[in-house]
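For reference, structure_25.txt (compact mmCIF, C-alpha atoms):
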# COMPACT_ATOMS: atom_id res chain seq x y z
CA MET J 1 19.07 108.10 79.30
CA ASN J 2 21.42 105.17 79.02
CA ILE J 3 23.61 104.97 82.12
CA LYS J 4 26.19 102.94 80.20
CA SER J 5 26.79 105.83 77.81
CA ILE J 6 27.56 108.18 80.73
CA PHE J 7 29.73 105.76 82.71
CA ASP J 8 32.11 104.91 79.94
CA TYR J 9 34.53 102.22 81.14
CA ARG J 10 37.44 104.52 80.36
CA LEU J 11 36.21 106.93 83.04
CA LEU J 12 37.76 104.64 85.66
CA GLY J 13 41.25 105.31 84.32
CA LEU J 14 40.57 108.98 83.78
CA THR J 15 39.22 109.48 87.31
CA GLY J 16 42.04 107.37 88.79
CA SER J 17 44.82 109.30 87.11
CA ILE J 18 43.25 112.70 87.90
CA LEU J 19 42.90 111.65 91.56
CA LEU J 20 46.57 110.65 91.59
CA ILE J 21 47.63 113.99 90.11
CA ILE J 22 45.57 116.16 92.43
CA SER J 23 46.53 114.11 95.50
CA GLN J 24 49.97 115.71 95.06
CA PHE J 25 48.50 119.06 96.16
CA PHE J 26 46.54 117.82 99.20
CA SER J 27 47.88 116.99 102.63
CA TRP J 28 49.37 113.53 103.15
CA PHE J 29 51.17 113.21 106.46
CA SER J 30 51.86 115.92 109.08
CA GLY J 31 49.55 118.35 107.27
CA TYR J 32 51.93 118.90 104.35
CA SER J 33 51.09 118.24 100.72
CA LEU J 34 53.63 116.31 98.64
CA MET J 35 54.40 119.45 96.66
CA GLU J 36 55.27 121.28 99.88
CA ARG J 37 57.36 118.34 101.04
CA TYR J 38 59.15 118.33 97.69
CA ILE J 39 60.01 122.04 98.05
CA ILE J 40 61.19 121.51 101.65
CA ALA J 41 63.19 118.41 100.68
CA THR J 42 64.98 120.15 97.79
CA SER J 43 66.49 122.61 100.27
CA VAL J 44 67.64 119.85 102.63
CA ASP J 45 68.30 116.59 100.77
CA ILE J 46 67.86 116.82 97.02
CA SER J 47 68.58 113.10 96.47
CA ASN J 48 65.25 112.03 97.99
CA ALA J 49 63.26 115.08 96.94
CA PHE J 50 62.33 113.75 93.51
CA LEU J 51 60.58 110.83 95.16
CA TYR J 52 57.80 113.19 96.28
CA LEU J 53 57.03 113.95 92.64
CA PHE J 54 56.44 110.28 91.78
CA PRO J 55 52.62 110.31 92.31
CA LEU J 56 52.40 113.32 89.98
CA ILE J 57 54.57 111.56 87.35
CA SER J 58 52.60 108.34 87.83
CA GLY J 59 49.24 110.12 87.44
CA SER J 60 50.42 112.00 84.35
CA ILE J 61 51.68 108.81 82.63
CA CYS J 62 48.43 106.97 83.48
CA LEU J 63 46.46 109.93 82.15
CA ILE J 64 48.37 109.75 78.86
CA ALA J 65 47.70 105.99 78.75
CA THR J 66 43.96 106.53 79.28
CA LEU J 67 43.83 109.32 76.69
CA LEU J 68 45.53 106.93 74.28
CA ILE J 69 42.44 104.70 74.21
CA TYR J 70 40.15 107.72 73.97
CA PHE J 71 42.13 108.57 70.86
CA LYS J 72 42.02 105.06 69.39
CA LEU J 73 40.37 101.99 70.90
CA GLU J 74 42.86 99.65 69.21
CA TYR J 75 45.58 101.00 71.50
CA ARG J 76 44.19 99.12 74.51
CA ILE J 77 47.21 96.82 74.89
CA ASN J 78 49.56 99.80 74.53
CA SER J 79 47.54 101.67 77.11
CA VAL J 80 47.90 98.80 79.60
CA ILE J 81 51.67 98.67 79.04
CA VAL J 82 52.01 102.45 79.51
CA ASN J 83 49.86 102.11 82.65
CA PHE J 84 52.32 99.46 83.91
CA VAL J 85 55.09 102.06 83.63
CA GLY J 86 53.00 104.81 85.24
CA PHE J 87 51.83 102.57 88.03
CA GLY J 88 55.44 101.50 88.65
CA PHE J 89 56.29 105.03 89.80
CA PHE J 90 53.46 104.97 92.30
CA LEU J 91 54.43 101.54 93.61
CA ILE J 92 58.02 102.66 94.19
CA PHE J 93 56.82 105.79 95.94
CA ILE J 94 54.46 103.85 98.23
CA PHE J 95 57.15 101.26 98.88
CA GLU J 96 59.64 103.95 99.94
CA LEU J 97 57.18 106.12 101.85
CA ILE J 98 54.98 103.71 103.80
CA PRO J 99 57.74 102.18 105.98
CA GLN J 100 58.91 105.73 106.88
CA GLU J 101 55.44 107.02 107.72
CA ILE J 102 53.87 103.88 109.15
CA ASP J 103 53.45 105.46 112.60
CA TYR J 104 51.39 108.34 111.18
CA ILE J 105 49.26 106.25 108.83
CA THR J 106 46.18 106.51 111.06
CA SER J 107 46.30 110.29 110.86
CA ALA J 108 46.96 110.42 107.12
CA GLY J 109 45.46 113.34 105.20
CA ILE J 110 43.00 113.35 102.32
CA GLY J 111 45.82 113.31 99.74
CA PHE J 112 46.91 109.83 100.83
CA TYR J 113 43.41 108.40 100.53
CA MET J 114 42.88 110.11 97.17
CA SER J 115 46.05 108.56 95.80
CA ILE J 116 45.14 105.07 97.06
CA THR J 117 41.66 105.39 95.54
CA GLY J 118 43.21 106.61 92.28
CA ALA J 119 45.64 103.68 92.17
CA ILE J 120 42.83 101.16 92.81
CA LEU J 121 40.74 102.76 90.06
CA ILE J 122 43.68 102.53 87.61
CA PHE J 123 44.20 98.86 88.51
CA PHE J 124 40.53 98.08 87.85
CA HIS J 125 40.63 100.19 84.71
CA ASN J 126 43.45 97.98 83.39
CA LEU J 127 41.53 94.82 84.22
CA ASN J 128 38.38 96.28 82.75
CA ILE J 129 39.85 97.22 79.39
CA LEU J 130 41.45 93.79 79.05
CA LEU J 131 38.18 92.03 79.93
CA THR J 132 36.05 94.36 77.80
CA ARG J 133 38.07 93.51 74.73
CA GLU J 134 37.50 89.86 75.48
CA LYS J 135 33.74 90.37 75.71
CA SER J 136 33.52 92.41 72.52
CA LYS J 137 35.47 89.75 70.63
CA GLU J 138 33.22 86.98 71.85
CA GLY J 139 30.18 89.04 71.03
CA SER J 140 31.17 89.60 67.42
CA MET N 1 30.11 79.55 42.71
CA GLU N 2 30.74 81.16 46.14
CA SER N 3 27.91 79.29 47.86
CA ASN N 4 29.14 76.00 46.30
CA PHE N 5 32.62 76.74 47.65
CA TYR N 6 31.44 77.31 51.22
CA TYR N 7 28.92 74.46 51.05
CA ALA N 8 31.74 72.13 49.99
CA LEU N 9 33.87 73.23 52.94
CA GLY N 10 30.96 73.04 55.35
CA HIS N 11 31.38 69.34 56.17
CA ASP N 12 34.24 67.71 58.02
CA LEU N 13 34.42 64.72 55.65
CA ARG N 14 34.56 66.98 52.56
CA ARG N 15 37.33 69.04 54.15
CA ARG N 16 39.23 65.81 54.83
CA ILE N 17 38.79 64.68 51.19
CA ILE N 18 40.23 67.99 49.95
CA LYS N 19 43.08 67.70 52.45
CA ILE N 20 43.94 64.12 51.41
CA ILE N 21 43.95 65.00 47.71
CA GLY N 22 45.82 68.27 48.34
CA ASP N 23 48.48 66.62 50.52
CA ASN N 24 49.16 63.86 47.95
CA GLU N 25 48.39 65.94 44.81
CA PHE N 26 45.93 63.21 43.75
CA SER N 27 44.10 60.28 45.29
CA SER N 28 42.36 57.11 44.13
CA PHE N 29 38.93 56.11 45.38
CA THR N 30 40.44 53.12 47.24
CA ALA N 31 42.95 55.38 49.01
CA LEU N 32 40.16 57.76 50.05
CA LYS N 33 38.04 54.86 51.35
CA LYS N 34 40.98 53.49 53.31
CA GLU N 35 41.79 56.85 54.83
CA LEU N 36 38.25 58.04 55.61
CA LYS N 37 36.91 54.67 56.86
CA VAL N 38 33.33 55.37 55.74
CA SER N 39 30.97 53.56 53.35
CA THR N 40 31.35 53.73 49.56
CA GLY N 41 27.96 55.47 49.23
CA THR N 42 28.94 58.22 51.68
CA ILE N 43 32.16 58.90 49.78
CA TYR N 44 30.29 59.11 46.44
CA HIS N 45 27.76 61.48 48.01
CA HIS N 46 30.49 63.85 49.19
CA LEU N 47 32.48 63.55 45.97
CA ASP N 48 29.36 64.73 44.14
CA ALA N 49 29.07 67.70 46.49
CA LEU N 50 32.70 68.53 45.69
CA SER N 51 32.16 68.46 41.93
CA GLN N 52 33.48 72.02 41.44
CA LEU N 53 36.50 71.52 43.66
CA ILE N 54 37.76 68.14 42.44
CA GLU N 55 37.90 66.41 39.08
CA GLN N 56 38.52 62.84 37.98
CA GLY N 57 41.41 62.34 35.59
CA LYS N 58 41.68 59.84 32.76
CA ASP N 59 43.53 57.55 35.16
CA LYS N 60 40.37 57.52 37.36
CA LYS N 61 42.21 59.37 40.12
CA TYR N 62 40.89 62.51 41.79
CA TYR N 63 42.70 65.86 41.42
CA LEU N 64 41.98 69.34 42.80
CA THR N 65 40.61 71.91 40.37
CA GLU N 66 41.86 75.49 40.55
CA LEU N 67 39.03 76.28 42.97
CA GLY N 68 39.85 73.11 44.93
CA GLN N 69 43.46 74.28 45.23
CA HIS N 70 42.22 77.61 46.68
CA ALA N 71 40.04 75.69 49.12
CA TYR N 72 43.02 73.52 50.14
CA ASP N 73 45.28 76.57 50.65
CA SER N 74 42.59 78.33 52.63
CA LEU N 75 42.08 75.30 54.86
CA GLN N 76 45.81 75.00 55.48
CA ASP N 77 46.14 78.69 56.46
CA ASN N 78 43.11 78.59 58.73
CA ILE N 79 44.08 75.36 60.47
CA GLU N 80 47.58 76.67 61.15
CA SER N 81 46.30 79.96 62.51
CA ILE N 82 43.72 78.19 64.69
CA ILE N 83 46.10 75.54 66.06
CA SER N 84 49.13 77.78 66.58
CA PRO N 85 48.62 81.48 66.01
CA ASP N 86 52.25 82.43 65.58
CA PHE N 87 52.37 85.51 67.76
CA SER N 88 56.14 85.81 67.36
CA LYS N 89 55.71 86.57 63.65
CA LYS N 90 52.87 89.03 64.13
CA GLU N 91 53.44 92.54 62.79
CA PHE N 92 52.48 95.42 65.06
CA ASN N 93 51.77 99.00 64.05
CA SER N 94 52.30 100.56 67.44
CA PRO N 95 55.87 101.64 68.26
CA ILE N 96 55.56 100.38 71.87
CA LEU N 97 54.68 96.81 70.89
CA LYS N 98 57.15 96.92 67.99
CA SER N 99 60.03 97.80 70.33
CA LEU N 100 58.92 95.24 72.92
CA MET N 101 58.78 92.53 70.26
CA PHE N 102 62.23 93.61 69.05
CA LEU N 103 63.57 93.14 72.60
CA THR N 104 61.97 89.69 72.97
CA PRO N 105 64.22 86.65 72.43
CA LYS N 106 61.48 84.94 70.43
CA LYS N 107 63.49 81.94 69.24
CA ILE N 108 64.59 81.07 72.77
CA ILE N 109 61.16 81.35 74.37
CA ASN N 110 59.26 79.73 71.50
CA TYR N 111 62.00 77.25 70.62
CA GLU N 112 61.68 74.62 67.91
CA LYS N 113 62.96 71.06 67.89
CA GLY N 114 66.74 70.93 68.09
CA TYR N 115 66.99 74.35 69.77
CA LYS N 116 65.81 73.10 73.17
CA ILE N 117 69.38 72.73 74.40
CA TYR N 118 70.14 76.43 73.75
CA THR N 119 67.06 77.45 75.77
CA VAL N 120 68.11 75.17 78.63
CA ILE N 121 71.68 76.54 78.64
CA PHE N 122 70.42 80.12 78.47
CA SER N 123 67.90 79.51 81.29
CA ILE N 124 70.46 77.91 83.61
CA SER N 125 72.95 80.69 82.91
CA LEU N 126 70.31 83.30 83.74
CA LEU N 127 69.43 81.59 87.01
CA ILE N 128 73.08 81.45 88.05
CA LEU N 129 73.62 85.10 87.06
CA GLY N 130 70.49 86.13 88.97
CA LEU N 131 71.70 84.29 92.03
CA ILE N 132 75.12 85.96 91.85
CA PHE N 133 73.81 89.49 91.28
CA CYS N 134 71.19 89.18 94.04
CA TYR N 135 73.98 88.13 96.41
CA LEU N 136 76.31 90.93 95.25
CA ASN N 137 73.58 93.57 95.60
CA ASP N 138 72.42 92.07 98.89
CA LEU N 139 68.86 92.07 97.60
CA PHE N 140 66.07 89.60 98.24
CA PRO N 141 63.79 88.80 95.28
CA ILE N 142 60.01 88.58 95.58
CA LEU N 143 58.55 87.79 92.14
CA LEU N 144 59.83 90.68 89.97
CA PHE N 145 60.59 92.98 92.90
CA PHE N 146 63.79 93.23 94.89
CA THR N 147 64.00 94.30 98.48
CA ASN N 148 66.76 94.88 101.00
CA LEU N 149 64.40 94.17 103.88
CA PHE N 150 66.28 91.04 104.86
CA GLN N 151 69.73 92.60 105.03
CA SER N 152 69.40 92.65 108.83
CA PHE N 153 68.61 88.92 108.85
CA HIS N 154 72.22 87.83 108.25
CA THR N 155 72.80 85.17 110.80
CA THR N 156 75.43 82.69 111.77
CA ASN N 157 72.93 79.96 110.93
CA LEU N 158 74.39 78.47 107.76
CA SER N 159 71.17 76.86 106.47
CA LEU N 160 69.25 80.14 106.84
CA GLU N 161 72.06 82.00 105.09
CA ILE N 162 72.01 79.47 102.21
CA PHE N 163 68.21 79.80 102.01
CA PHE N 164 68.47 83.60 101.60
CA ASN N 165 71.20 83.23 99.00
CA VAL N 166 69.40 80.68 96.83
CA PHE N 167 66.07 82.46 97.11
CA PHE N 168 66.39 83.66 93.53
CA ILE N 169 65.85 80.07 92.37
CA ILE N 170 63.08 79.45 94.92
CA ASN N 171 61.46 82.69 93.72
CA PHE N 172 61.75 81.47 90.11
CA LEU N 173 60.02 78.17 90.98
CA LEU N 174 57.35 79.97 93.02
CA TYR N 175 56.63 82.42 90.19
CA TYR N 176 56.46 79.57 87.67
CA PHE N 177 54.03 77.53 89.77
CA ILE N 178 51.74 80.51 90.41
CA ASN N 179 51.54 81.10 86.65
CA GLU N 180 51.04 77.42 85.87
CA ILE N 181 48.29 77.05 88.50
CA ILE N 182 46.42 80.14 87.24
CA CYS N 183 46.69 78.88 83.62
CA ARG N 184 45.36 75.47 84.61
CA LEU N 185 42.63 76.54 87.03
CA VAL N 186 41.34 79.72 85.43
CA TYR N 187 42.02 79.24 81.72
CA LYS N 188 42.15 75.40 81.61
CA LYS N 189 45.47 75.50 79.77
CA SER N 190 47.66 72.60 80.76
CA GLU N 191 49.66 72.20 77.54
CA ASN N 192 53.39 72.85 77.02
CA SER N 193 54.20 72.85 80.74
CA ILE N 194 57.79 71.66 80.17
CA LYS N 195 58.40 74.19 77.38
CA PHE N 196 56.89 76.93 79.55
CA PHE N 197 59.09 75.89 82.47
CA LEU N 198 62.30 75.70 80.41
CA SER N 199 61.83 79.16 78.98
CA PHE N 200 60.35 80.69 82.13
CA SER N 201 63.63 82.02 83.50
CA LEU N 202 63.73 84.32 80.46
CA THR N 203 61.15 86.40 82.35
CA PHE N 204 63.94 87.37 84.75
CA TYR N 205 66.35 88.31 81.97
CA PRO N 206 65.61 92.10 82.14
CA THR N 207 65.69 92.15 85.95
CA ILE N 208 69.13 90.50 85.87
CA ILE N 209 70.35 93.28 83.56
CA TYR N 210 68.92 95.74 86.08
CA LEU N 211 70.75 93.99 88.95
CA ALA N 212 74.00 94.13 86.97
CA ILE N 213 73.58 97.87 86.33
CA ARG N 214 72.70 98.46 89.98
CA TYR N 215 75.79 96.55 91.09
CA LEU N 216 77.88 98.75 88.82
CA PHE N 217 76.30 101.90 90.27
CA ASN N 218 76.92 100.59 93.76
CA GLU N 219 80.55 99.71 93.15
CA LEU N 220 81.25 103.13 91.65
CA TYR N 221 79.39 104.84 94.55
CA LEU N 222 77.08 106.47 92.00
CA LEU N 223 73.90 105.75 93.94
CA ASP N 224 74.81 108.62 96.29
CA TYR N 225 74.09 111.05 93.47
CA SER N 226 70.47 112.16 93.25
CA VAL N 227 70.28 111.81 89.46
CA ILE N 228 71.63 108.26 89.53
CA SER N 229 69.36 107.34 92.43
CA ILE N 230 66.32 108.50 90.43
CA LEU N 231 67.70 106.81 87.31
CA ASP N 232 68.03 103.58 89.32
CA ASN N 233 64.31 103.74 90.24
CA ILE N 234 63.27 104.53 86.68
CA LEU N 235 65.44 101.69 85.34
CA MET N 236 63.80 99.28 87.76
CA ILE N 237 60.34 100.28 86.48
CA ILE N 238 61.38 99.96 82.81
CA PHE N 239 63.10 96.59 83.27
CA GLN N 240 60.11 95.31 85.27
CA VAL N 241 57.74 96.25 82.45
CA TRP N 242 60.04 94.53 79.97
CA ALA N 243 60.05 91.41 82.20
CA LEU N 244 56.26 91.51 82.41
CA TRP N 245 56.09 91.65 78.63
CA LEU N 246 58.39 88.59 78.38
CA LEU N 247 56.10 86.74 80.78
CA THR N 248 53.08 87.77 78.71
CA PHE N 249 54.81 86.63 75.51
CA ASN N 250 55.72 83.29 77.11
CA LEU N 251 52.11 82.76 78.19
CA ILE N 252 50.87 83.60 74.69
CA VAL N 253 53.21 81.33 72.73
CA ASN N 254 53.48 78.41 75.14
CA LYS N 255 50.10 78.41 76.87
CA HIS N 256 48.23 79.68 73.80
CA LEU N 257 46.53 82.40 75.77
CA LYS N 258 45.14 85.55 74.19
CA VAL N 259 47.20 88.73 74.74
CA GLU N 260 44.50 90.17 77.02
CA ASN N 261 44.34 87.06 79.23
CA ALA N 262 48.13 86.79 79.43
CA LEU N 263 48.32 90.46 80.46
CA ILE N 264 45.66 89.91 83.13
CA ILE N 265 47.77 87.09 84.66
CA SER N 266 50.95 89.23 84.55
CA LEU N 267 49.14 92.21 86.04
CA ILE N 268 47.51 90.33 88.91
CA ILE N 269 50.65 88.40 89.89
CA HIS N 270 52.82 91.51 89.66
CA TYR N 271 50.62 93.62 91.91
CA GLY N 272 50.10 90.63 94.17
CA GLY N 273 53.90 90.50 94.59
CA PHE N 274 53.95 94.18 95.43
CA SER N 275 51.27 93.69 98.10
CA ILE N 276 53.40 90.94 99.70
CA ILE N 277 56.45 93.22 99.82
CA LEU N 278 54.40 96.07 101.26
CA ALA N 279 52.90 93.81 103.91
CA LEU N 280 56.39 92.53 104.83
CA SER N 281 57.84 96.03 105.00
CA ILE N 282 55.08 97.17 107.38

Kindly present the structure from the file in structure tokens form.
Amino acid sequence: MNIKSIFDYRLLGLTGSILLIISQFFSWFSGYSLMERYIIATSVDISNAFLYLFPLISGSICLIATLLIYFKLEYRINSVIVNFVGFGFFLIFIFELIPQEIDYITSAGIGFYMSITGAILIFFHNLNILLTREKSKEGS
Amino acid sequence: MESNFYYALGHDLRRRIIKIIGDNEFSSFTALKKELKVSTGTIYHHLDALSQLIEQGKDKKYYLTELGQHAYDSLQDNIESIISPDFSKKEFNSPILKSLMFLTPKKIINYEKGYKIYTVIFSISLLILGLIFCYLNDLFPILLFFTNLFQSFHTTNLSLEIFFNVFFIINFLLYYFINEIICRLVYKKSENSIKFFLSFSLTFYPTIIYLAIRYLFNELYLLDYSVISILDNILMIIFQVWALWLLTFNLIVNKHLKVENALIISLIIHYGGFSIILALSI
């Protein structure tokens, strides 16, 4: 069986975005998942509550971007641009959250590590689809 | 017929003969010899090979046949697309790229002779506006990101204060040099450095609009509202993506990079900038 046919290069993006989405429901810091923190935050300070939904939004946008190239390979550039938008949400979230939670970073839950892995996979997925196009052009 | 056509175009000297005749509408043997700087025998050999593409008139001059004219047109189109693939005139089917291209000031980034002055004026104005809005928002720029990490650094030291306030321009120069170095070292593209530099501040054009909007929100105390606060974050993401597209476009038209390679540069520098901010904030 050809390994290449199983490990389609688009799987990186798919896995990355799914990891980002499900990380929302696993514990991050202090044993709470982001969804729980969102629910708690809405009852206290609604202005910052939406921030806890950013990984979910980011993962969903990146998932749409990855599905876009499953739908049509020619949409690779579009997919990268949509990924830029999706990834932007995650960057803002990390940028706002990390300075607040820096003291607890050593005891971070599985959700945090899942999201970081997901983000790295999406980054490499973007690089990969841009480089793959290059290779296929040169090959033809 | 088809094989003759491609055989005729398969030699550099024959392509040059067609180009000389096509450019001048006709050419004498002496003019061809003077232009090509090769022996008489070589020219006769190639003229024979071009028998279906050129013809000799009663005045002994060489003219293009109908097929020769097609060959000339085809050569012109191909040479132009190889030397300068005009990305700014490219038609896109996807709505995302269509809207991004619509929002791109193509004539200012890819300026022609005589329009350089407008690009320079526009670039300087953008730098001044960026400087002002960064100061008004009390934000510190790092590549395409803005941070308020250095708000606590306000000192009585005048030179340090000036450094923080003009950092928008230092950031512009830093961003330009990172791009230029990557183009030169990784992709071996050293052309159009001045043109790239003059239009580089256009990359910051969307982020300056964002800073202006943010200043407005701040002045009207709208950032205290949750919806506006979220909107502010979303706007930053959208304007950053727009800025990244402008950088990509600039790299394509001025450094003649392929879209994929230009996007790789934008992507790596952008996330590199984020890593710096994150490291500083920790």

Give me, as a list in words, the contact residues of chain N against chain J at a cut-off of 7 Å, counting only C-alpha atoms.
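The complete set of qualifying residues is Ile96, Leu97, Tyr225, Ser226, Ile237, Ile238, Val241, Glu260, Ile264, Leu278, Ser281 and Ile282 of chain N.
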
Between atom CA of N:Ser123 and atom CA of N:Phe274 - distance in Å to one decimal:
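For atom CA of N:Phe274 relative to atom CA of N:Ser123, the distance reads 24.7 Å.
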
Name all residues at most 9 Å from stretch 104-111 of chain J (count only C-alpha atoms; drop same-chain ones fewer than 6 positions away) and give them as a VMD selection string.
chain J and resid 19 to 20 22 to 34 98

Atom CA of N:Leu173 to atom CA of N:Ile208: how many Å, to one decimal?
16.2 Å

Within 9 Å of N:Glu191 using only C-alpha atoms, minus same-chain residues under 4 positions, as an MDAnalysis selection string:
chainID N and resid 184 195:196 254:256

Residues from last step as file, C-alpha atoms, as a PDB file, in the frame of the given file:
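Written file, out_39.pdb:
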ATOM      1  CA  ARG N 184      45.360  75.470  84.610  1.00  0.00           C
ATOM      2  CA  LYS N 195      58.400  74.190  77.380  1.00  0.00           C
ATOM      3  CA  PHE N 196      56.890  76.930  79.550  1.00  0.00           C
ATOM      4  CA  ASN N 254      53.480  78.410  75.140  1.00  0.00           C
ATOM      5  CA  LYS N 255      50.100  78.410  76.870  1.00  0.00           C
ATOM      6  CA  HIS N 256      48.230  79.680  73.800  1.00  0.00           C
TER       7      HIS N 256
END

Coordinates-based distance that separates atom CA of N:Ile170 from atom CA of N:Leu216 (Å, one decimal)
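Computing it gives 25.1 Å between the two atoms.
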
Name the closest residue to N:Tyr72 among the candidates N:Lys34, N:His270, N:Lys189, N:Arg16; distances are taken between atoms, counting all atoms listed in the file.
N:Arg16

Do a neighbour search on N:Ser74 at 12 Å with all atoms listed in the file, toss out local chain neighbours closer than 6 positions, and write the hits as a PyMOL selection string.
chain N and resi 5-6+9+15+18-19+22+67-68+80-81
